[in-house]
Amino acid sequence: MRKLISSLVLLALATTIVSAQQYDLVLEGGRVMDPETGLDAVRNVGVRDGKIARISSEALSGRRVVHAGGLVVAPGFIDLHQHGQDPASQRVKALDGVTTALELEIGVPDVAKFLNAKESRSLIHYGTSASHAAARALVFGAPLPSGDILPKSGPATDQPATPEQIESMRAHLRQELDSGGLAVGMGIQYTPGATRLEVIDMFRLAADRRLPVYTHMRSAGRAEPGSAIEATSEVIAAAAITGASLHIVHINSTCARDAMECLALIEGARARGLDVTTEAYPYTAGMTSINSALFNPGWREKFGIGYGDLVLPDTGEHLTQERFDELHNSSTAQLVLVFSNTQEMVDQVIPHPLVMIASDGEQGHPRNAGTYSRVLAHYVREKGTITLMDALRKMSLMPAEVLERSTPVARQKGRLQEGADADIVVFEAGTISDRSTFEKPMEPSVGVGYLVVGGTIVVDHGKIVPNVFPGRPLLGPGKRSALHD
């Protein structure tokens with residue numbers, strides 16, 4: 001009897017040890033790359049309870065084992081600038097290797113409504129900034145229609161605000177930050193009536209909350225006053241005056257032919273202790289709403305383009321003056337592609353060491369589906385202007401470090417290390433490629449074999465897994481993040 005009891009005890013103990021060593025998921029034999037530590041070696045990765053529990057050269061046991069031999073295993077990509085938050089956009093983001101996609105450029109009109117609508121319905125992680133543009137429209141008595149993030153050109157965009165209106169905007173933004181906003185989002189070019197003081201007051205609010213400002217700058221082009229250089233100087237000055245961290249969105253698009261000069265301004269600011277960062281996407285065309293203030297009179301001279309450089313994404317129609325006037329004066333938002341940059345300038349911007357990758361993604365533009373795979377295919381594999389590790393750094397670690405200004409949760413993202421969140425992309429470096437074009441902007445990328453979000457596989461053998469929604473919100477300090485409840 002004693003021998004039987006001893007045997008049962010040993011069996012139970014052995015079962016407990018095996019259970020303790022078994023992982024929910026094992027990624028076996030892949031080329032594990034971590035841009036923070038520089039790890040680049042064949043390893044096995046064990047995932048348990050949504051975390052990377054073990055990285056080892058020894059064999060690991062798991063309930064599900066994915067054989068990743070010949071594949072790169074890397075931190076999931078983090079997109080700081082993603083407008084398309086619909087399910088179709090999330091699916092193409094996942095197939096492009098993105099595990100977190102955030103609406104931070106301008107933000108949304110109602111943070112709480114945005115977060116509630118996505119709870120338990122999101123394929124990948126999500127979050128947003130608090131929108132200065134929406135707060136301004138509300139204070140001017142022209143609240144944004146449901147689904148819109150940009151105000152129509154008019155008094156709410158073009159008129160200067162009174163001190164009382166500015167304080168009302170600040171009060172509204174405080175409420176939005178209390179609802180979980182990660183930052184203050186400003187589309188200054190879409191609210192040209194905002195004075196320099198109004199901009200500074202919004203930066204002051206962000207600094208008081210110890211949160212960053214994400215901004216689409218006031219203007220673009222070379223014409224003075226109102227050049228891209230002047231616009232860059234304005235927001236850097238606001239950061240210096242207030243102490244707020246600053247993230248300048250899509251420097252390739254806003255600065256265009258002067259992008260390298262704008263980057264030199266950012267380098268100078270950083271060398272003098274200012275926290276200024278920026279991003280770019282690998283395409284020559286931008287896209288925006290045609291009835292916005294960006295197309296107020298003088299836009300052709302400012303951008304150095306004409307009506308024919310504006311193209312409707314749904315039909316491929318190049319606009320005439322008559323068609324432009326019709327759409328610009330409409331109360332209905334209409335997206336338009338804006339061909340205002342050169343491939344040579346984009347090719348200079350993307351490898352710059354200060355530039356991280358963000359898509360500015362939305363349906364109608366190929367950047368929504370193809371940004372990250374395009375960087376890996378075009379700049380790493382074909383041109384060789386970026387190493388694979390540098391590309392991963394630009395797409396995971398660098399955006400995670402920017403997010404750390406908003407939430408400590410970001411310290412567990414953008415890394416492939418024990419203890420980090422199990423947000424992981426597994427792809428074939430030799431074949432990963434974008435397939436989206438201006439004619440077929442939602443064509444999914446190829447080459448991502450597996451995508452893991454919070455420990456759950458959402459892309460399996462290159463296909464979206466149906467009916468799984470592991471995406472969780474990233475929330476600002478005004479509201480505790482559900483990721484670590």
# chains A, B, ... in the order shown; residues from 1 in each chain; ligands from 1
$ closest_atom_pairs --of "segment 167-273 of chain A" --to "segment 324-339 of chain A" --cutoff "12 Å" --atoms "only C-alpha atoms" --output "Markdown table"
| residue | atom | partner | partner_atom | distance |
| --- | --- | --- | --- | --- |
| A:Ser253 | CA | A:Val338 | CA | 9.6 |
| A:Thr254 | CA | A:Val338 | CA | 11.5 |
| A:Ala256 | CA | A:Phe339 | CA | 10.5 |
$ residues_around --residues "Arg472 of chain A" --least-positions-apart "5" --cutoff "12 Å" --atoms "only C-alpha atoms" --output "short mmCIF file (atom, residue, chain, number, x, y, z; two decimals) with C-alpha atoms, in the first residue's frame"
data_model
loop_
_atom_site.label_atom_id
_atom_site.label_comp_id
_atom_site.auth_asym_id
_atom_site.auth_seq_id
_atom_site.Cartn_x
_atom_site.Cartn_y
_atom_site.Cartn_z
CA GLY A 50 -0.71 36.23 -22.78
CA THR A 99 -0.71 43.81 -33.45
CA THR A 100 -1.56 47.33 -32.20
CA ALA A 101 -3.17 50.10 -34.30
CA LEU A 102 -3.92 53.46 -32.66
CA LEU A 115 -13.51 52.42 -26.57
CA ASN A 116 -16.92 50.98 -25.69
CA ALA A 117 -17.70 50.18 -29.32
CA LYS A 118 -14.52 48.11 -29.67
CA GLU A 119 -14.64 46.22 -26.38
CA SER A 120 -14.47 42.45 -27.03
CA ARG A 121 -14.85 43.12 -30.78
CA SER A 122 -11.29 43.95 -31.79
CA LEU A 123 -8.87 41.68 -33.62
CA ILE A 124 -5.85 43.76 -32.55
CA HIS A 125 -5.07 46.25 -29.77
CA TYR A 126 -6.45 49.78 -30.09
CA GLY A 127 -6.54 53.24 -28.50
CA VAL A 409 1.72 49.17 -20.57
CA ASP A 421 3.34 40.86 -23.91
CA ASP A 423 2.24 40.29 -29.37
CA VAL A 453 -2.11 39.10 -30.15
CA GLY A 454 -2.06 38.87 -26.37
CA GLY A 455 -1.14 35.20 -26.61
CA THR A 456 -3.95 34.36 -29.06
CA SER A 481 -5.67 49.97 -18.79
CA ALA A 482 -7.78 46.86 -19.12
CA LEU A 483 -4.70 45.07 -20.45
CA HIS A 484 -3.47 44.62 -16.90
CA ASP A 485 -6.72 44.34 -14.93
#
$ residues_around --residues "segment 238-247 of chain A" --least-positions-apart "5" --cutoff "6 Å" --atoms "only C-alpha atoms" --output "MDAnalysis selection string"
chainID A and resid 200 204 207 212:214 275:278
$ write_last_selection --atoms "N, CA and C atoms" --output "PDB file, in the first residue's frame"
ATOM      1  N   ILE A 200      -0.363  76.694 -28.260  1.00  0.00           N
ATOM      2  CA  ILE A 200       0.461  76.611 -27.042  1.00  0.00           C
ATOM      3  C   ILE A 200      -0.395  76.203 -25.848  1.00  0.00           C
ATOM      4  N   ARG A 204       0.149  73.152 -23.352  1.00  0.00           N
ATOM      5  CA  ARG A 204       0.216  73.321 -21.894  1.00  0.00           C
ATOM      6  C   ARG A 204      -0.661  72.287 -21.181  1.00  0.00           C
ATOM      7  N   ALA A 207       1.120  69.017 -21.270  1.00  0.00           N
ATOM      8  CA  ALA A 207       2.244  69.026 -20.333  1.00  0.00           C
ATOM      9  C   ALA A 207       1.755  68.877 -18.906  1.00  0.00           C
ATOM     10  N   PRO A 212       1.906  63.368 -24.236  1.00  0.00           N
ATOM     11  CA  PRO A 212       2.437  63.973 -25.463  1.00  0.00           C
ATOM     12  C   PRO A 212       1.357  64.635 -26.301  1.00  0.00           C
ATOM     13  N   VAL A 213       1.804  65.419 -27.275  1.00  0.00           N
ATOM     14  CA  VAL A 213       0.952  65.955 -28.324  1.00  0.00           C
ATOM     15  C   VAL A 213       1.354  65.288 -29.639  1.00  0.00           C
ATOM     16  N   TYR A 214       0.373  64.708 -30.326  1.00  0.00           N
ATOM     17  CA  TYR A 214       0.566  64.193 -31.682  1.00  0.00           C
ATOM     18  C   TYR A 214      -0.012  65.238 -32.627  1.00  0.00           C
ATOM     19  N   ASP A 275      12.016  66.479 -26.356  1.00  0.00           N
ATOM     20  CA  ASP A 275      11.480  65.156 -26.683  1.00  0.00           C
ATOM     21  C   ASP A 275      10.590  65.290 -27.919  1.00  0.00           C
ATOM     22  N   VAL A 276      11.199  65.158 -29.096  1.00  0.00           N
ATOM     23  CA  VAL A 276      10.491  65.303 -30.363  1.00  0.00           C
ATOM     24  C   VAL A 276      10.755  64.056 -31.199  1.00  0.00           C
ATOM     25  N   THR A 277       9.686  63.452 -31.706  1.00  0.00           N
ATOM     26  CA  THR A 277       9.805  62.244 -32.532  1.00  0.00           C
ATOM     27  C   THR A 277       8.966  62.419 -33.795  1.00  0.00           C
ATOM     28  N   THR A 278       9.170  61.515 -34.749  1.00  0.00           N
ATOM     29  CA  THR A 278       8.402  61.612 -35.985  1.00  0.00           C
ATOM     30  C   THR A 278       8.279  60.253 -36.662  1.00  0.00           C
TER      31      THR A 278
END
$ select_by_dssp --residues "segment 161-250 of chain A" --states "strand (DSSP E)" --output "list in words"
Val184, Gly185, Met186, Gly187, Val213, Tyr214, Thr215, His216, Leu246, His247 and Ile248 of chain A
$ write_last_selection --atoms "C-alpha atoms" --output "PDB file, in the first residue's frame"
ATOM      1  CA  VAL A 184      -3.753  65.324 -27.214  1.00  0.00           C
ATOM      2  CA  GLY A 185      -4.220  64.962 -30.986  1.00  0.00           C
ATOM      3  CA  MET A 186      -3.990  68.096 -33.125  1.00  0.00           C
ATOM      4  CA  GLY A 187      -4.630  68.524 -36.843  1.00  0.00           C
ATOM      5  CA  VAL A 213       0.952  65.955 -28.324  1.00  0.00           C
ATOM      6  CA  TYR A 214       0.566  64.193 -31.682  1.00  0.00           C
ATOM      7  CA  THR A 215       0.245  66.737 -34.438  1.00  0.00           C
ATOM      8  CA  HIS A 216      -0.408  67.154 -38.098  1.00  0.00           C
ATOM      9  CA  LEU A 246       5.890  66.137 -29.303  1.00  0.00           C
ATOM     10  CA  HIS A 247       5.265  63.601 -32.037  1.00  0.00           C
ATOM     11  CA  ILE A 248       5.082  64.983 -35.596  1.00  0.00           C
TER      12      ILE A 248
END
$ atom_distance --atom1 "atom CA of Ser359 of chain A" --atom2 "atom CA of Asp314 of chain A"
19.3 Å
$ residues_around --residues "Arg381 of chain A" --least-positions-apart "5" --cutoff "12 Å" --atoms "only C-alpha atoms" --output "PyMOL selection string"
chain A and resi 373-376+386-388+391+428-433
$ select_by_dssp --residues "segment 205-285 of chain A" --states "helix (DSSP H, G or I)" --output "NGL selection string"
:A and (205-208 or 228-242 or 251-271)
$ write_last_selection --atoms "C-alpha atoms" --output "PDB file, in the first residue's frame"
ATOM      1  CA  LEU A 205      -2.740  71.049 -21.151  1.00  0.00           C
ATOM      2  CA  ALA A 206      -0.804  68.019 -22.387  1.00  0.00           C
ATOM      3  CA  ALA A 207       2.244  69.026 -20.333  1.00  0.00           C
ATOM      4  CA  ASP A 208       0.082  69.413 -17.214  1.00  0.00           C
ATOM      5  CA  ALA A 228       6.720  73.314 -43.813  1.00  0.00           C
ATOM      6  CA  ILE A 229       9.847  74.715 -42.152  1.00  0.00           C
ATOM      7  CA  GLU A 230       7.795  77.364 -40.363  1.00  0.00           C
ATOM      8  CA  ALA A 231       5.194  74.771 -39.326  1.00  0.00           C
ATOM      9  CA  THR A 232       7.868  72.479 -37.899  1.00  0.00           C
ATOM     10  CA  SER A 233       9.402  75.389 -36.017  1.00  0.00           C
ATOM     11  CA  GLU A 234       6.005  76.299 -34.537  1.00  0.00           C
ATOM     12  CA  VAL A 235       5.352  72.944 -32.889  1.00  0.00           C
ATOM     13  CA  ILE A 236       8.961  72.490 -31.744  1.00  0.00           C
ATOM     14  CA  ALA A 237       8.726  75.924 -30.118  1.00  0.00           C
ATOM     15  CA  ALA A 238       5.443  74.961 -28.424  1.00  0.00           C
ATOM     16  CA  ALA A 239       7.121  71.845 -27.021  1.00  0.00           C
ATOM     17  CA  ALA A 240      10.090  73.897 -25.782  1.00  0.00           C
ATOM     18  CA  ILE A 241       7.839  76.508 -24.140  1.00  0.00           C
ATOM     19  CA  THR A 242       5.556  74.023 -22.377  1.00  0.00           C
ATOM     20  CA  ILE A 251       6.871  64.007 -42.047  1.00  0.00           C
ATOM     21  CA  ASN A 252       7.189  62.555 -45.551  1.00  0.00           C
ATOM     22  CA  SER A 253       3.775  63.937 -46.442  1.00  0.00           C
ATOM     23  CA  THR A 254       3.789  67.299 -44.671  1.00  0.00           C
ATOM     24  CA  CYS A 255       7.339  68.317 -45.505  1.00  0.00           C
ATOM     25  CA  ALA A 256       7.565  66.564 -48.902  1.00  0.00           C
ATOM     26  CA  ARG A 257      10.515  68.066 -50.821  1.00  0.00           C
ATOM     27  CA  ASP A 258      11.840  69.683 -47.629  1.00  0.00           C
ATOM     28  CA  ALA A 259      11.544  66.549 -45.478  1.00  0.00           C
ATOM     29  CA  MET A 260      15.281  66.271 -44.862  1.00  0.00           C
ATOM     30  CA  GLU A 261      15.392  69.903 -43.700  1.00  0.00           C
ATOM     31  CA  CYS A 262      12.480  69.249 -41.342  1.00  0.00           C
ATOM     32  CA  LEU A 263      14.314  66.200 -39.999  1.00  0.00           C
ATOM     33  CA  ALA A 264      17.368  68.389 -39.406  1.00  0.00           C
ATOM     34  CA  LEU A 265      15.185  70.692 -37.266  1.00  0.00           C
ATOM     35  CA  ILE A 266      14.042  67.688 -35.222  1.00  0.00           C
ATOM     36  CA  GLU A 267      17.642  66.516 -34.835  1.00  0.00           C
ATOM     37  CA  GLY A 268      18.602  69.941 -33.546  1.00  0.00           C
ATOM     38  CA  ALA A 269      15.723  70.014 -31.068  1.00  0.00           C
ATOM     39  CA  ARG A 270      16.569  66.548 -29.756  1.00  0.00           C
ATOM     40  CA  ALA A 271      20.256  67.459 -29.434  1.00  0.00           C
TER      41      ALA A 271
END
$ residues_around --residues "Ser153 of chain A" --least-positions-apart "4" --cutoff "9 Å" --atoms "only C-alpha atoms" --output "list in words"
Thr157, Asp158, Tyr190, Thr191, Asn291, Ser292, Ala293, Leu294, Phe295, Asn296, His328 and Asn329 of chain A
$ write_last_selection --atoms "C-alpha atoms" --output "PDB file, in the first residue's frame"
ATOM      1  CA  THR A 157     -12.013  75.695 -38.657  1.00  0.00           C
ATOM      2  CA  ASP A 158     -11.133  79.174 -39.900  1.00  0.00           C
ATOM      3  CA  TYR A 190      -7.383  71.410 -40.523  1.00  0.00           C
ATOM      4  CA  THR A 191      -8.049  74.225 -38.018  1.00  0.00           C
ATOM      5  CA  ASN A 291     -14.025  69.434 -47.985  1.00  0.00           C
ATOM      6  CA  SER A 292     -11.555  70.162 -45.175  1.00  0.00           C
ATOM      7  CA  ALA A 293      -9.687  73.403 -44.542  1.00  0.00           C
ATOM      8  CA  LEU A 294      -6.536  71.874 -46.030  1.00  0.00           C
ATOM      9  CA  PHE A 295      -8.012  72.847 -49.410  1.00  0.00           C
ATOM     10  CA  ASN A 296      -8.826  76.451 -48.495  1.00  0.00           C
ATOM     11  CA  HIS A 328     -15.011  70.895 -51.631  1.00  0.00           C
ATOM     12  CA  ASN A 329     -18.264  72.791 -51.079  1.00  0.00           C
TER      13      ASN A 329
END
$ closest_residue --among "A:Glu279, A:Asp148, A:Asp201, A:Glu362" --to "Arg170 of chain A" --atoms "only C-alpha atoms"
A:Asp201
$ closest_residue --among "A:Ala194, A:Ser340, A:Pro143, A:Thr284" --to "Gly306 of chain A" --atoms "only C-alpha atoms"
A:Ser340
$ residues_around --residues "Gly384 of chain A" --least-positions-apart "5" --cutoff "12 Å" --atoms "only C-alpha atoms" --output "list in words"
Asp347, Ile350, Pro351, Val375, Leu376, Ala377, His378, Tyr379, Met389, Asp390 and Ala391 of chain A
$ decode --residues "segment 110-197 of chain A" --atoms "C-alpha atoms" --output "PDB file, in the first residue's frame"
ATOM      1  CA  ASP A 110     -15.733  60.768 -28.192  1.00  0.00           C
ATOM      2  CA  VAL A 111     -13.068  58.617 -26.519  1.00  0.00           C
ATOM      3  CA  ALA A 112     -15.479  56.684 -24.290  1.00  0.00           C
ATOM      4  CA  LYS A 113     -17.787  55.853 -27.202  1.00  0.00           C
ATOM      5  CA  PHE A 114     -14.834  54.700 -29.311  1.00  0.00           C
ATOM      6  CA  LEU A 115     -13.510  52.423 -26.571  1.00  0.00           C
ATOM      7  CA  ASN A 116     -16.920  50.984 -25.686  1.00  0.00           C
ATOM      8  CA  ALA A 117     -17.696  50.179 -29.320  1.00  0.00           C
ATOM      9  CA  LYS A 118     -14.521  48.107 -29.667  1.00  0.00           C
ATOM     10  CA  GLU A 119     -14.641  46.221 -26.378  1.00  0.00           C
ATOM     11  CA  SER A 120     -14.474  42.452 -27.029  1.00  0.00           C
ATOM     12  CA  ARG A 121     -14.849  43.122 -30.778  1.00  0.00           C
ATOM     13  CA  SER A 122     -11.289  43.945 -31.792  1.00  0.00           C
ATOM     14  CA  LEU A 123      -8.875  41.677 -33.618  1.00  0.00           C
ATOM     15  CA  ILE A 124      -5.853  43.757 -32.546  1.00  0.00           C
ATOM     16  CA  HIS A 125      -5.068  46.252 -29.772  1.00  0.00           C
ATOM     17  CA  TYR A 126      -6.452  49.779 -30.087  1.00  0.00           C
ATOM     18  CA  GLY A 127      -6.537  53.236 -28.503  1.00  0.00           C
ATOM     19  CA  THR A 128      -6.901  56.925 -29.333  1.00  0.00           C
ATOM     20  CA  SER A 129      -5.895  60.458 -28.491  1.00  0.00           C
ATOM     21  CA  ALA A 130      -8.287  63.215 -27.409  1.00  0.00           C
ATOM     22  CA  SER A 131      -9.151  65.369 -30.422  1.00  0.00           C
ATOM     23  CA  HIS A 132      -8.499  69.105 -30.360  1.00  0.00           C
ATOM     24  CA  ALA A 133     -10.221  69.435 -33.763  1.00  0.00           C
ATOM     25  CA  ALA A 134     -13.403  67.804 -32.405  1.00  0.00           C
ATOM     26  CA  ALA A 135     -13.293  69.916 -29.242  1.00  0.00           C
ATOM     27  CA  ARG A 136     -12.946  73.063 -31.360  1.00  0.00           C
ATOM     28  CA  ALA A 137     -15.848  72.109 -33.612  1.00  0.00           C
ATOM     29  CA  LEU A 138     -18.018  71.414 -30.556  1.00  0.00           C
ATOM     30  CA  VAL A 139     -17.189  74.743 -28.922  1.00  0.00           C
ATOM     31  CA  PHE A 140     -18.000  76.568 -32.173  1.00  0.00           C
ATOM     32  CA  GLY A 141     -21.417  74.906 -32.282  1.00  0.00           C
ATOM     33  CA  ALA A 142     -20.616  72.564 -35.185  1.00  0.00           C
ATOM     34  CA  PRO A 143     -20.061  69.110 -33.613  1.00  0.00           C
ATOM     35  CA  LEU A 144     -18.638  66.520 -35.974  1.00  0.00           C
ATOM     36  CA  PRO A 145     -21.115  64.134 -37.621  1.00  0.00           C
ATOM     37  CA  SER A 146     -20.956  60.545 -36.433  1.00  0.00           C
ATOM     38  CA  GLY A 147     -18.000  58.737 -37.991  1.00  0.00           C
ATOM     39  CA  ASP A 148     -16.111  61.890 -38.985  1.00  0.00           C
ATOM     40  CA  ILE A 149     -12.829  62.969 -37.393  1.00  0.00           C
ATOM     41  CA  LEU A 150     -12.224  66.112 -39.477  1.00  0.00           C
ATOM     42  CA  PRO A 151     -14.421  69.226 -39.465  1.00  0.00           C
ATOM     43  CA  LYS A 152     -15.710  70.689 -42.729  1.00  0.00           C
ATOM     44  CA  SER A 153     -14.058  73.934 -43.754  1.00  0.00           C
ATOM     45  CA  GLY A 154     -15.980  76.823 -42.241  1.00  0.00           C
ATOM     46  CA  PRO A 155     -16.157  79.090 -39.168  1.00  0.00           C
ATOM     47  CA  ALA A 156     -15.268  76.246 -36.786  1.00  0.00           C
ATOM     48  CA  THR A 157     -12.013  75.695 -38.657  1.00  0.00           C
ATOM     49  CA  ASP A 158     -11.133  79.174 -39.900  1.00  0.00           C
ATOM     50  CA  GLN A 159     -12.115  81.623 -37.163  1.00  0.00           C
ATOM     51  CA  PRO A 160      -9.890  82.459 -34.169  1.00  0.00           C
ATOM     52  CA  ALA A 161     -11.247  81.400 -30.794  1.00  0.00           C
ATOM     53  CA  THR A 162     -11.892  83.681 -27.864  1.00  0.00           C
ATOM     54  CA  PRO A 163     -10.107  83.050 -24.540  1.00  0.00           C
ATOM     55  CA  GLU A 164     -13.394  81.646 -23.214  1.00  0.00           C
ATOM     56  CA  GLN A 165     -13.698  79.250 -26.161  1.00  0.00           C
ATOM     57  CA  ILE A 166     -10.098  78.099 -25.701  1.00  0.00           C
ATOM     58  CA  GLU A 167     -10.793  77.331 -22.044  1.00  0.00           C
ATOM     59  CA  SER A 168     -13.931  75.403 -23.065  1.00  0.00           C
ATOM     60  CA  MET A 169     -11.800  73.332 -25.466  1.00  0.00           C
ATOM     61  CA  ARG A 170      -9.336  72.595 -22.686  1.00  0.00           C
ATOM     62  CA  ALA A 171     -12.139  71.550 -20.340  1.00  0.00           C
ATOM     63  CA  HIS A 172     -13.552  69.196 -22.963  1.00  0.00           C
ATOM     64  CA  LEU A 173     -10.130  67.693 -23.646  1.00  0.00           C
ATOM     65  CA  ARG A 174      -9.629  67.070 -19.928  1.00  0.00           C
ATOM     66  CA  GLN A 175     -12.836  65.014 -19.944  1.00  0.00           C
ATOM     67  CA  GLU A 176     -11.654  63.070 -22.984  1.00  0.00           C
ATOM     68  CA  LEU A 177      -8.303  62.345 -21.346  1.00  0.00           C
ATOM     69  CA  ASP A 178     -10.140  61.197 -18.225  1.00  0.00           C
ATOM     70  CA  SER A 179     -11.982  58.707 -20.447  1.00  0.00           C
ATOM     71  CA  GLY A 180      -8.706  57.079 -21.477  1.00  0.00           C
ATOM     72  CA  GLY A 181      -7.200  59.272 -24.189  1.00  0.00           C
ATOM     73  CA  LEU A 182      -3.496  58.552 -24.682  1.00  0.00           C
ATOM     74  CA  ALA A 183      -2.491  62.049 -25.786  1.00  0.00           C
ATOM     75  CA  VAL A 184      -3.753  65.324 -27.214  1.00  0.00           C
ATOM     76  CA  GLY A 185      -4.220  64.962 -30.986  1.00  0.00           C
ATOM     77  CA  MET A 186      -3.990  68.096 -33.125  1.00  0.00           C
ATOM     78  CA  GLY A 187      -4.630  68.524 -36.843  1.00  0.00           C
ATOM     79  CA  ILE A 188      -3.543  72.154 -36.977  1.00  0.00           C
ATOM     80  CA  GLN A 189      -3.689  72.306 -40.781  1.00  0.00           C
ATOM     81  CA  TYR A 190      -7.383  71.410 -40.523  1.00  0.00           C
ATOM     82  CA  THR A 191      -8.049  74.225 -38.018  1.00  0.00           C
ATOM     83  CA  PRO A 192      -6.148  77.167 -39.535  1.00  0.00           C
ATOM     84  CA  GLY A 193      -8.054  79.640 -37.357  1.00  0.00           C
ATOM     85  CA  ALA A 194      -6.221  78.319 -34.301  1.00  0.00           C
ATOM     86  CA  THR A 195      -3.797  81.027 -33.218  1.00  0.00           C
ATOM     87  CA  ARG A 196      -0.270  80.353 -32.029  1.00  0.00           C
ATOM     88  CA  LEU A 197      -1.515  80.949 -28.483  1.00  0.00           C
TER      89      LEU A 197
END
